[in-house]
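Everything on this sheet refers to the single structure shown next.
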Amino acid sequence: MKEEKQMPAKVSVATTWLQGCAGCHMSLLDMHQHLIGIMDMIDIKYSPLVDIKEIPEVDVALVEGAVANEENERILKILREKSKTLVALGTCACTGGITGFRNLTTREKALTCGYIDTPTTVDGMVPSGPELPKLNKDVLALHQVVPVDCYVSGCPPLATRIQDAIIGIVNGNPPEEKTHNLCEACERTKEKMLIAHRDFLIDEVVSVHELDTIDPQKCFLEQGVCCMGPATREGCGALCPKANMPCRGCQGPPHGAPEQGAKLINCLSSLLPAGGLMFHEDIEGMGYCFSMPVSLYPHTEKDKGAGSHE
Amino acid sequence: MRKGLFLTRHHGEISNVVNVDGLANEYSDLTVVRVYDHFFGKAEQRDMLKLVKEHQLDAVVLAGHSANLFETGKEGKSFVNALKFQGVNQNRIVFTNLYEQVALIHSDQPGNSTQKARLLINTALAKAQYCHKVDTVAVHSKRAVLVLGTTWTGLAAAGELLAKNYAVYMIDNQNSWRTGKQEKESYTPLVEMLEADNHAELFFESGIVDISGWYGDYDVVLKTPQGNREISVGGILLCVENNIEWIVQLQPILRLDTDKDGFLVNIDGKRSTGRTKDPGILFVASVNSDEQLASDKAEVRKAVLSLTALLDKSQINHPVLVSEVDESVCSACGTCIKTCAFSASGIDTKRKISIIDPKRCKGCGNCVTSCPTSARDLVTFPSRYVNRAIEILSQGASANGEPKVLAFLCKNSGYLAADAAGAYANPLSGGNYSPNVMPLRIECGGNIDTVYILKALKEGFDGIAFVVCKDNHCHNLVGNTDMERRIGLLRAVLRSRRIDDNRMRIIHTYGNEGKRLNSELKAFSEELKQINRQ
C-alpha cells in the first residue's frame with residue numbers, strides 16, 4: 001500500500017481486437033522487457049490478453065482491426081463511449097487493411113466462397129444462428145464509424161512505435177501521424193530517378209524472384225520491381241527494403257493522398273512501361289491491399305458504377 | 001471572401017435559353033450580383049469595375065463568355081487587366097461559359113440549360129473559393145533576339161531587329177549561309193553588317209542544347225564548334241524555312257508544333273507566320289521563291305513586329321503557376337523529376353525535398369498528378385477545386401434518361417473545340433450532345449489525376465470523356481500521352497472489377513473541330529445508354 005501511494009496514478013487502458021488477426025497485439029507483446037516499464041505506467045482493465053468480461057471506464061482504448069460485423073461495431077461504440085483517448089492500432093483500424101478487400105464483393109458471395117466453394121470443403125454450409133453476429137455490408141475503418149483520436153499504422157505496427165505511442169499518450173503528447181512517404185526512410189540509392197530525362201527507368205517489369213541478384217543498394221523501381229514505397233506512409237523505417245524486399249504498402253496511404261492505388265497508377269505510369277505493369281502486376285491488389293475501405297474505388301458487384309458505404 | 005458574380009444576357013442570345021435573371025436571384029448571398037445586357041460596353045465595364053472597387057471584391061466570376069475570350073481575345077484581356085488593376089488576383093477571376101457551351105449548344109432545351117448553367121456557376125464559385133492567389137515574377141526584358149536559320153528571311157529579320165536596336169544572335173546547324181547566291185548578293189551589305197556588327201553574332205554548325213526562362217528573358221545554351229556558349233535573349237525567331245530535319249531536332253526543345261507534313265504550324269494550327277506555344281518564340285513561314293520575295297518580306301516584318309511589341313515593354317510579369325512543394329509531405333522520391341518534360345523538377349539534396357524551377361515550369365500539372373504523396377498542387381486548378389467541381393457537376397439531373405457524362409476539357413484543345421461546337425451547333429432539336437454532358441475545364445491531359453476519375457465514377461457519372469490534344473500536339477509535349485498511360489492502367493484495373501472500361505473515352509481533337517466533337521460526344525452518350533442497359 002505504501003508503494004502505491006508514491007507511484008503516480010496509472011493510466012487505465014482497454015485493448016481489443018475487432019476484425020483483425022491479433023497481430024497488433026502480438027506486436028504489443030514484442031516489446032519484451034520494455035513491457036515491464038510500460039506496465040508501470042498503465043493498468044490494463046480490459047483486453048483479450050486478460051480475463052475481464054465487462055468494459056469499464058478507461059483513459060485509453062487501443063483498438064485493433066476493422067469494423068466488419070455487428071459485434072465489432074457494438075464493441076467499438078462502447079469503447080468510444082467509455083474511453084477518453086481512442087487509438088486506432090494497426091492498418092486495419094486506420095484504413096481498413098487486408099480485411100477491407102471483402103468490399104470488392106457482396107457479403108453473400110464472400111460467405112459462399114469461404115464456407116462452400118473452397119476446394120477443401122465437403123458439404124459446406126454457411127454458419128448461422130442467433131449467437132453469430134451478422135456481417136456488415138462493408139468493412140469500415142474505425143474513423144468511419146466513430147471519431148478516432150490517434151492513429152498508429154502498420155501491419156503490424158512496430159513494437160517500438162506502439163511503445164512510443166503509449167508513452168506519448170501517458171505523458172500527454174499523443175504521437176502525430178507521419179506525413180512523408182517511405183522513400184524518406186529508405187536508404188537505397190537512386191540514380192536514374194533523379195535524372196531529368198523522359199524515359200522509363202528500365203524496359204521491363206519483373207518480380208523480385210525473377211531477378212538473378214537483387215541489388216541491395218539500388219532503388220527497387222530502378223531494378224524494374226514494383227515497390228509501393230512512393231505511395232506509402234513512412235512509419236516502419238523501411239524495414240522491407242532493408243531486408244532486400246520491396247515495400248508492400250502496409251502502412252497505408254500517405255497523409256493527404258488517401259487513394260493509394262490511384263496514386264500508384266499516376267506515379268508508376270511515368271516510371272515503368274505500362275504494358276509490363278499491366279501484365280505483371282495486380283494493380284488493384286497491390287495498390288489497395290491496405291486501404292480499400294477508405295478509397296473511392298468502385299465496388300461494382302453491388303451497384304453499377306458507384307461504391308457506397310451504406 | 002467577398003465574391004462578385006456578373007452575368008450577361010448577351011443581347012438575349014443567352015437569356016433566351018438560360019433564365020439568367022432568375023439565376024441571379026439565387027445568389028443573393030454573394031457580395032455583389034449583377035446582370036448586364038452585354039459585357040463589352042464601356043458603361044457596363046465601368047460599372048463592374050466600380051463595384052469591384054466599392055466592395056473590395058476578392059474574387060469575380062464572369063458568367064457568360066468562354067474563358068478563351070478573356071485569355072486570348074484582345075477585348076477580354078484588357079478587361080481582365082483592368083480587373084487585376086483593381087486588385088483582384090488573376091487566379092480569382094473566373095469565367096463560366098454559358099454562351100457556346102450552354103445557350104448555343106442546348107438552345108432547344110431551356111429547362112436543362114438553366115440547370116446546367118447553375119451548376120457551372122457553382123463550379124466557378126468553387127474555383128474562386130479554392131484557388132490560391134498566384135504570384136507573379138517581374139522580368140526585365142532583354143533587348144536581344146536569337147534568330148535560327150541563316151536563310152534570307154533570317155537575314156531580313158536580323159536586319160529589321162538591328163534597326164530596332166536589338167542585339168541579334170544568329171545560328172545555323174550547317175556551315176554556310178542558306179541563302180541562294182543571288183539573294184545573298186542582294187543582301188551583301190546586311191551580311192557584311194552582320195559579320196562586323198558588334199550587336200550581332202553568327203554561329204555556324206551550332207544548335208540549341210538547352211533553354212529555360214520565359215518571354216523577355218530566356219537563358220539559352222548553344223552548342224558551337226568552340227564549345228558551349230550561354231546567351232541571354234528576350235525572344236527567339238525561327239527562320240528555318242522548310243528544313244524538316246532541323247525542325248525535328250528543335251521540336252522537343254522549343255515545343256514546336258508541326259502538321260502532318262512536318263511543317264511548322266502556329267497555335268491556330270495554320271502554317272502562316274505566328275506564335276508557337278511559347279509566346280516569346282515566333283516563326284516566319286516562308287514560301288521561299290523569288291516571285292514571293294515581297295510577300296515573304298511582309299511575313300518577316302510581321303513576325304519581327306509582333307516579337308518586338310512583346311519585348312518593348314520594360315517589365316513583364318510572369319505568373320508562377322505551380323505552387324510550392326509541401327515540405328512536410330515530400331520526401332524527394334524523384335517521381336516528379338522523371339515525369340517533367342521540361343526538366344523543371346529537381347531535388348534539393350540538403351533539405352531532401354523536390355524543388356521547381358519556375359523559369360522552366362510551364363504549369364501543366366503533370367508532376368502534380370504523378371506525385372504519389374500529393375505534395376504538389378497546381379495553382380490554376382487545385383485538386384480541392386477539381387474534386388469539388390466533380391461533386392457539383394454530378395448534381396445534374398438526368399431527367400431525360402440521357403447518361404451523365406463528365407467531359408474533361410483540355411484548355412488548349414477540348415475547351416476550344418467545345419466552344420466551336422456551340423458556334424456551329426446543329427439547329428435541329430436533338431441534333432447536339434446532351435445537356436447531361438458536363439464540361440470541366442482543366443489545364444492539360446497530364447493534369448487528370450486517376451483520383452478524379454474514381455471520384456467521378458463514385459459520384460455517379462455514367463461515363464467520362466477526356467477531350468485532349470492530338471498526338472504530337474500537346475502544348476506540354478507529353479500531357480496527353482501520360483494521361484493515356486494512366487488511363488490504360490486504370491482500364492486494366494476496372495476491367496478486373498467488371499466495370500466496362502468503355503465508360504472512359506479519350507477524344508483527340510484540334511481546337512477547331514467543333515462539329516466532330518459534337519458528334520463524338522453524342523455517340524458516346526448513345527454507347528453509354530447501351531452499357532447502362534447491360
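For the C-alpha cells, the naming scheme is as follows: chains receive sequential letters (A, B, ...) according to their order of presentation, residues are indexed from 1 within each chain, and ligands are indexed from 1 in presentation order.
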
Quick one: which residues from chain B are at most 7 Å off chain A, using only C-alpha atoms, as a ChimeraX atom specification?
/B:328-331,333-335,337-339,341,343,369-374,449-451,454-455,457-460,482,485-486,489,492-493,497-499

Can you check which residues of stretch 289-318 of chain B DSSP gives as helix (DSSP H, G or I) on the backbone and send them as a ChimeraX atom specification?
/B:290-311

Quick one: residues within 9 Å of B:Val300, only C-alpha atoms, excluding same-chain residues fewer than 6 positions away - as a PyMOL selection string?
chain B and resi 153-154+156-157+160+239+273+283-286

Tell me, as a VMD selection string, which residues lie within 7 Å of B:Asn512, counting only C-alpha atoms; anything in the same chain fewer than 5 positions away does not count.
chain B and resid 416 to 417 420

Per DSSP on the backbone, what are the strand (DSSP E or B) residues of stretch 180-395 of chain B, as a compact mmCIF listing (two decimals) with C-alpha atoms, in the first residue's frame?
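Generated file (selection.txt):
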# COMPACT_ATOMS: atom_id res chain seq x y z
CA ALA B 200 25.28 40.69 -83.88
CA GLU B 201 26.95 37.32 -83.61
CA LEU B 202 26.93 34.46 -86.05
CA PHE B 203 27.33 30.80 -85.17
CA GLY B 207 22.43 24.15 -82.18
CA ILE B 208 20.39 24.73 -79.05
CA VAL B 209 21.21 22.40 -76.17
CA ASP B 210 19.00 23.85 -73.53
CA ILE B 211 16.59 26.68 -72.95
CA SER B 212 14.95 27.97 -69.81
CA GLY B 213 13.01 31.06 -68.96
CA TRP B 214 10.05 32.88 -70.36
CA ASP B 217 14.23 36.51 -70.51
CA TYR B 218 15.43 33.21 -71.92
CA ASP B 219 18.69 31.58 -70.99
CA VAL B 220 19.83 29.58 -73.97
CA VAL B 221 22.78 27.22 -74.12
CA LEU B 222 24.22 26.99 -77.60
CA LYS B 223 26.44 24.22 -78.80
CA THR B 224 29.04 25.74 -81.07
CA GLY B 227 32.19 24.70 -77.14
CA ASN B 228 29.03 25.53 -75.25
CA ARG B 229 28.01 29.13 -75.05
CA GLU B 230 25.36 30.62 -72.81
CA ILE B 231 23.39 33.55 -74.09
CA SER B 232 20.51 35.53 -72.71
CA VAL B 233 17.79 36.72 -75.07
CA GLY B 235 12.83 36.21 -77.75
CA ILE B 236 13.52 33.66 -80.43
CA LEU B 237 12.68 33.86 -84.10
CA LEU B 238 12.71 30.78 -86.29
CA ASP B 257 4.04 22.28 -83.33
CA THR B 258 4.07 20.75 -86.79
CA LEU B 264 5.77 24.40 -88.56
CA VAL B 265 2.29 25.50 -87.61
CA GLY B 274 2.91 33.25 -85.98
CA ARG B 275 3.37 32.28 -82.39
CA ILE B 281 9.16 32.06 -79.75
CA LEU B 282 7.87 33.02 -83.18
CA PHE B 283 8.44 31.65 -86.63
CA GLN B 315 8.78 44.94 -67.48
CA ILE B 316 6.91 41.69 -67.98
CA ASN B 317 5.03 39.96 -65.19
CA HIS B 318 5.02 36.19 -65.38
CA PRO B 319 2.68 34.20 -63.16
CA VAL B 322 2.98 25.59 -59.86
CA SER B 345 11.81 19.50 -61.29
CA GLY B 346 14.86 18.89 -59.20
CA ILE B 347 15.92 17.77 -55.75
CA ASP B 348 17.30 19.97 -53.06
CA ILE B 353 12.67 17.88 -50.94
CA SER B 354 11.84 18.39 -54.58
CA ILE B 355 12.02 21.88 -55.99
CA ILE B 356 10.55 23.58 -59.03
CA LEU B 378 -1.46 23.24 -59.32

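In this comparison, which uses only C-alpha atoms, the residue of A:Val139, A:Ser291, A:Ile42, A:Gly235 approaching A:Ala9 most closely is A:Ile42.
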
Excluding A:Val208 and any residue of its chain fewer than 6 positions from it, enumerate the residues within 12 Å of it, using only C-alpha atoms, and give them as an mmCIF file with all heavy atoms, in the first residue's frame.
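The resulting file, result29.cif, is reproduced below:
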data_model
loop_
_atom_site.group_PDB
_atom_site.id
_atom_site.type_symbol
_atom_site.label_atom_id
_atom_site.label_comp_id
_atom_site.auth_asym_id
_atom_site.auth_seq_id
_atom_site.Cartn_x
_atom_site.Cartn_y
_atom_site.Cartn_z
ATOM 1 N N ILE A 214 19.352 -9.520 -56.428
ATOM 2 C CA ILE A 214 18.639 -8.304 -56.031
ATOM 3 C C ILE A 214 19.683 -7.350 -55.492
ATOM 4 O O ILE A 214 20.335 -7.648 -54.485
ATOM 5 C CB ILE A 214 17.596 -8.600 -54.936
ATOM 6 C CG1 ILE A 214 16.705 -9.771 -55.364
ATOM 7 C CG2 ILE A 214 16.761 -7.378 -54.652
ATOM 8 C CD1 ILE A 214 15.818 -10.298 -54.247
ATOM 9 N N ASP A 215 19.851 -6.249 -56.196
ATOM 10 C CA ASP A 215 20.846 -5.276 -55.755
ATOM 11 C C ASP A 215 20.389 -4.673 -54.418
ATOM 12 O O ASP A 215 19.327 -4.049 -54.349
ATOM 13 C CB ASP A 215 20.981 -4.184 -56.815
ATOM 14 C CG ASP A 215 22.166 -3.273 -56.546
ATOM 15 O OD1 ASP A 215 22.485 -3.087 -55.351
ATOM 16 O OD2 ASP A 215 22.760 -2.773 -57.516
ATOM 17 N N PRO A 216 21.149 -4.855 -53.345
ATOM 18 C CA PRO A 216 20.690 -4.391 -52.033
ATOM 19 C C PRO A 216 20.796 -2.874 -51.848
ATOM 20 O O PRO A 216 20.277 -2.342 -50.866
ATOM 21 C CB PRO A 216 21.610 -5.119 -51.042
ATOM 22 C CG PRO A 216 22.836 -5.428 -51.820
ATOM 23 C CD PRO A 216 22.454 -5.536 -53.266
ATOM 24 N N PHE A 220 14.378 -0.091 -55.835
ATOM 25 C CA PHE A 220 13.685 -1.220 -56.467
ATOM 26 C C PHE A 220 13.067 -0.836 -57.811
ATOM 27 O O PHE A 220 13.069 -1.618 -58.748
ATOM 28 C CB PHE A 220 12.608 -1.778 -55.541
ATOM 29 C CG PHE A 220 13.119 -2.849 -54.625
ATOM 30 C CD1 PHE A 220 13.195 -2.640 -53.264
ATOM 31 C CD2 PHE A 220 13.548 -4.064 -55.138
ATOM 32 C CE1 PHE A 220 13.679 -3.624 -52.425
ATOM 33 C CE2 PHE A 220 14.035 -5.055 -54.303
ATOM 34 C CZ PHE A 220 14.101 -4.833 -52.943
ATOM 35 N N LEU A 221 12.536 0.361 -57.881
ATOM 36 C CA LEU A 221 11.895 0.774 -59.139
ATOM 37 C C LEU A 221 12.925 0.786 -60.265
ATOM 38 O O LEU A 221 12.637 0.431 -61.394
ATOM 39 C CB LEU A 221 11.256 2.154 -58.976
ATOM 40 C CG LEU A 221 10.071 2.215 -58.026
ATOM 41 C CD1 LEU A 221 9.686 3.655 -57.740
ATOM 42 C CD2 LEU A 221 8.878 1.466 -58.598
ATOM 43 N N GLN A 223 15.261 -1.201 -60.555
ATOM 44 C CA GLN A 223 15.537 -2.587 -60.936
ATOM 45 C C GLN A 223 14.336 -3.218 -61.641
ATOM 46 O O GLN A 223 14.331 -4.406 -61.943
ATOM 47 C CB GLN A 223 15.891 -3.420 -59.701
ATOM 48 C CG GLN A 223 17.125 -2.906 -58.958
ATOM 49 C CD GLN A 223 17.502 -3.792 -57.786
ATOM 50 O OE1 GLN A 223 17.710 -4.986 -57.943
ATOM 51 N NE2 GLN A 223 17.581 -3.201 -56.600
ATOM 52 N N GLY A 224 13.278 -2.416 -61.849
ATOM 53 C CA GLY A 224 12.110 -2.922 -62.559
ATOM 54 C C GLY A 224 11.117 -3.637 -61.647
ATOM 55 O O GLY A 224 10.199 -4.297 -62.122
ATOM 56 N N VAL A 225 11.295 -3.498 -60.347
ATOM 57 C CA VAL A 225 10.388 -4.155 -59.403
ATOM 58 C C VAL A 225 9.397 -3.114 -58.877
ATOM 59 O O VAL A 225 9.791 -2.033 -58.469
ATOM 60 C CB VAL A 225 11.178 -4.761 -58.220
ATOM 61 C CG1 VAL A 225 10.236 -5.337 -57.188
ATOM 62 C CG2 VAL A 225 12.152 -5.802 -58.721
ATOM 63 N N CYS A 226 8.108 -3.449 -58.896
ATOM 64 C CA CYS A 226 7.111 -2.532 -58.352
ATOM 65 C C CYS A 226 7.277 -2.435 -56.853
ATOM 66 O O CYS A 226 7.189 -3.440 -56.149
ATOM 67 C CB CYS A 226 5.703 -3.034 -58.649
ATOM 68 S SG CYS A 226 5.214 -2.707 -60.301
ATOM 69 N N CYS A 227 7.514 -1.235 -56.386
ATOM 70 C CA CYS A 227 7.671 -1.015 -54.951
ATOM 71 C C CYS A 227 6.613 -0.014 -54.551
ATOM 72 O O CYS A 227 6.404 0.988 -55.210
ATOM 73 C CB CYS A 227 9.070 -0.475 -54.664
ATOM 74 S SG CYS A 227 9.359 -0.024 -52.958
ATOM 75 N N PRO A 241 12.529 -2.867 -47.515
ATOM 76 C CA PRO A 241 13.674 -2.569 -48.376
ATOM 77 C C PRO A 241 15.009 -2.886 -47.709
ATOM 78 O O PRO A 241 15.953 -3.301 -48.376
ATOM 79 C CB PRO A 241 13.532 -1.072 -48.656
ATOM 80 C CG PRO A 241 12.077 -0.800 -48.523
ATOM 81 C CD PRO A 241 11.616 -1.724 -47.435
ATOM 82 N N ASN A 244 15.920 -6.290 -48.224
ATOM 83 C CA ASN A 244 16.043 -6.586 -49.653
ATOM 84 C C ASN A 244 14.729 -7.061 -50.289
ATOM 85 O O ASN A 244 14.745 -7.911 -51.176
ATOM 86 C CB ASN A 244 17.163 -7.610 -49.890
ATOM 87 C CG ASN A 244 17.960 -7.253 -51.141
ATOM 88 O OD1 ASN A 244 17.735 -6.194 -51.734
ATOM 89 N ND2 ASN A 244 18.871 -8.123 -51.544
ATOM 90 N N MET A 245 13.629 -6.555 -49.809
ATOM 91 C CA MET A 245 12.342 -6.840 -50.443
ATOM 92 C C MET A 245 11.616 -5.512 -50.667
ATOM 93 O O MET A 245 11.775 -4.586 -49.884
ATOM 94 C CB MET A 245 11.486 -7.738 -49.526
ATOM 95 C CG MET A 245 11.934 -9.182 -49.489
ATOM 96 S SD MET A 245 11.955 -9.927 -51.125
ATOM 97 C CE MET A 245 10.425 -10.765 -51.136
ATOM 98 N N PRO A 246 10.829 -5.435 -51.740
ATOM 99 C CA PRO A 246 10.129 -4.168 -51.986
ATOM 100 C C PRO A 246 9.025 -3.925 -50.964
ATOM 101 O O PRO A 246 8.512 -4.863 -50.358
ATOM 102 C CB PRO A 246 9.537 -4.358 -53.383
ATOM 103 C CG PRO A 246 9.428 -5.823 -53.563
ATOM 104 C CD PRO A 246 10.550 -6.431 -52.795
ATOM 105 N N CYS A 247 8.668 -2.660 -50.815
ATOM 106 C CA CYS A 247 7.599 -2.284 -49.883
ATOM 107 C C CYS A 247 6.263 -2.809 -50.394
ATOM 108 O O CYS A 247 5.991 -2.771 -51.587
ATOM 109 C CB CYS A 247 7.561 -0.765 -49.766
ATOM 110 S SG CYS A 247 6.135 -0.133 -48.885
ATOM 111 N N HIS A 280 2.035 -7.704 -65.511
ATOM 112 C CA HIS A 280 2.796 -8.279 -64.445
ATOM 113 C C HIS A 280 2.150 -8.161 -63.088
ATOM 114 O O HIS A 280 2.281 -9.021 -62.241
ATOM 115 C CB HIS A 280 4.162 -7.608 -64.395
ATOM 116 C CG HIS A 280 5.192 -8.515 -63.858
ATOM 117 N ND1 HIS A 280 5.411 -8.641 -62.531
ATOM 118 C CD2 HIS A 280 6.000 -9.384 -64.479
ATOM 119 C CE1 HIS A 280 6.343 -9.554 -62.365
ATOM 120 N NE2 HIS A 280 6.713 -10.012 -63.510
ATOM 121 N N GLU A 281 1.474 -7.041 -62.909
ATOM 122 C CA GLU A 281 1.064 -6.756 -61.550
ATOM 123 C C GLU A 281 -0.447 -6.693 -61.438
ATOM 124 O O GLU A 281 -1.129 -6.284 -62.354
ATOM 125 C CB GLU A 281 1.656 -5.421 -61.094
ATOM 126 C CG GLU A 281 3.167 -5.433 -60.990
ATOM 127 C CD GLU A 281 3.659 -6.329 -59.875
ATOM 128 O OE1 GLU A 281 2.856 -6.713 -58.999
ATOM 129 O OE2 GLU A 281 4.853 -6.663 -59.893
#

Nearby residues (only C-alpha atoms) at most 8 Å from B:Thr151, same-chain spacing under 2 positions excluded, as a ChimeraX atom specification:
/B:149,153-155,177-179,239-241

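Nearest to B:Val17 of all the residues B:Ser66, B:Asn432, B:Asn122, B:Gln109 is B:Gln109, based on only C-alpha atoms.
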
At a cut-off of 12 Å, using only C-alpha atoms, what residues contact B:Ser323? Leave out same-chain residues fewer than 5 positions from it and give the result as number ranges by chain.
B: 131-136, 355-358, 361-365, 367-368, 374-383

Save the residues we just selected, N, CA and C atoms, as a compact mmCIF listing (two decimals), in the first residue's frame?
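File written: out-v4.txt
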# COMPACT_ATOMS: atom_id res chain seq x y z
N CYS B 131 -9.01 28.46 -55.25
CA CYS B 131 -7.75 28.83 -55.89
C CYS B 131 -6.97 29.77 -55.00
N HIS B 132 -5.70 29.42 -54.79
CA HIS B 132 -4.84 30.34 -54.07
C HIS B 132 -4.48 31.49 -54.98
N LYS B 133 -4.05 32.56 -54.36
CA LYS B 133 -3.58 33.68 -55.18
C LYS B 133 -2.33 33.24 -55.92
N VAL B 134 -2.18 33.74 -57.13
CA VAL B 134 -0.99 33.38 -57.88
C VAL B 134 -0.03 34.57 -57.82
N ASP B 135 1.24 34.24 -57.58
CA ASP B 135 2.27 35.28 -57.53
C ASP B 135 2.79 35.55 -58.93
N THR B 136 3.32 36.72 -59.12
CA THR B 136 3.96 36.99 -60.39
C THR B 136 5.42 37.34 -60.16
N ILE B 355 12.18 20.45 -55.76
CA ILE B 355 12.02 21.88 -55.99
C ILE B 355 11.60 22.11 -57.44
N ILE B 356 11.03 23.27 -57.68
CA ILE B 356 10.55 23.58 -59.03
C ILE B 356 11.30 24.80 -59.55
N ASP B 357 11.80 24.71 -60.75
CA ASP B 357 12.44 25.85 -61.39
C ASP B 357 11.35 26.63 -62.13
N PRO B 358 10.94 27.78 -61.57
CA PRO B 358 9.80 28.49 -62.18
C PRO B 358 10.10 28.95 -63.60
N CYS B 361 9.22 25.70 -65.61
CA CYS B 361 7.90 25.12 -65.41
C CYS B 361 6.87 25.78 -66.32
N LYS B 362 6.06 24.96 -67.00
CA LYS B 362 5.02 25.50 -67.87
C LYS B 362 3.66 25.41 -67.17
N GLY B 363 3.65 24.93 -65.94
CA GLY B 363 2.38 24.87 -65.20
C GLY B 363 1.41 23.85 -65.74
N CYS B 364 1.91 22.74 -66.29
CA CYS B 364 1.00 21.79 -66.93
C CYS B 364 0.35 20.84 -65.94
N GLY B 365 0.97 20.67 -64.78
CA GLY B 365 0.34 19.84 -63.76
C GLY B 365 0.66 18.35 -63.85
N CYS B 367 3.46 16.83 -63.06
CA CYS B 367 4.15 16.39 -61.84
C CYS B 367 3.18 16.33 -60.67
N VAL B 368 2.23 17.26 -60.67
CA VAL B 368 1.23 17.29 -59.59
C VAL B 368 0.46 15.97 -59.59
N SER B 374 0.88 13.62 -53.06
CA SER B 374 0.15 14.89 -53.21
C SER B 374 0.87 16.05 -52.55
N ALA B 375 2.18 16.06 -52.70
CA ALA B 375 2.95 17.15 -52.10
C ALA B 375 2.85 18.41 -52.95
N ARG B 376 2.47 18.23 -54.22
CA ARG B 376 2.40 19.40 -55.10
C ARG B 376 0.95 19.68 -55.45
N ASP B 377 0.68 20.93 -55.78
CA ASP B 377 -0.67 21.27 -56.23
C ASP B 377 -0.56 22.34 -57.29
N LEU B 378 -1.45 22.27 -58.25
CA LEU B 378 -1.46 23.24 -59.32
C LEU B 378 -2.19 24.49 -58.84
N VAL B 379 -1.60 25.65 -59.07
CA VAL B 379 -2.24 26.88 -58.59
C VAL B 379 -3.51 27.18 -59.38
N THR B 380 -3.48 26.90 -60.67
CA THR B 380 -4.62 27.27 -61.51
C THR B 380 -5.81 26.32 -61.36
N PHE B 381 -5.53 25.04 -61.17
CA PHE B 381 -6.62 24.07 -60.99
C PHE B 381 -6.30 23.18 -59.79
N PRO B 382 -6.42 23.71 -58.58
CA PRO B 382 -6.04 22.91 -57.40
C PRO B 382 -6.92 21.67 -57.26
N SER B 383 -6.36 20.62 -56.71
CA SER B 383 -7.11 19.36 -56.67
C SER B 383 -8.37 19.49 -55.82

I'd like the interatomic distance between atom CA of A:Thr85 and atom CA of A:Cys150, to a tenth of an Å.
7.5 Å

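Distances here use only C-alpha atoms; by that measure, the residue among A:Asp43, A:Asp30, A:Glu222, A:Asp149 closest to A:Val206 is A:Glu222.
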
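For the residues A:Met39, A:Leu111, A:Val63, A:Ile167, ranking by smallest atom-to-atom distance to A:Ala22 using only C-alpha atoms places A:Val63 first.
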
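Of note, atom CA of A:Val58 and atom CA of A:Thr160 are spaced 23.0 Å apart.
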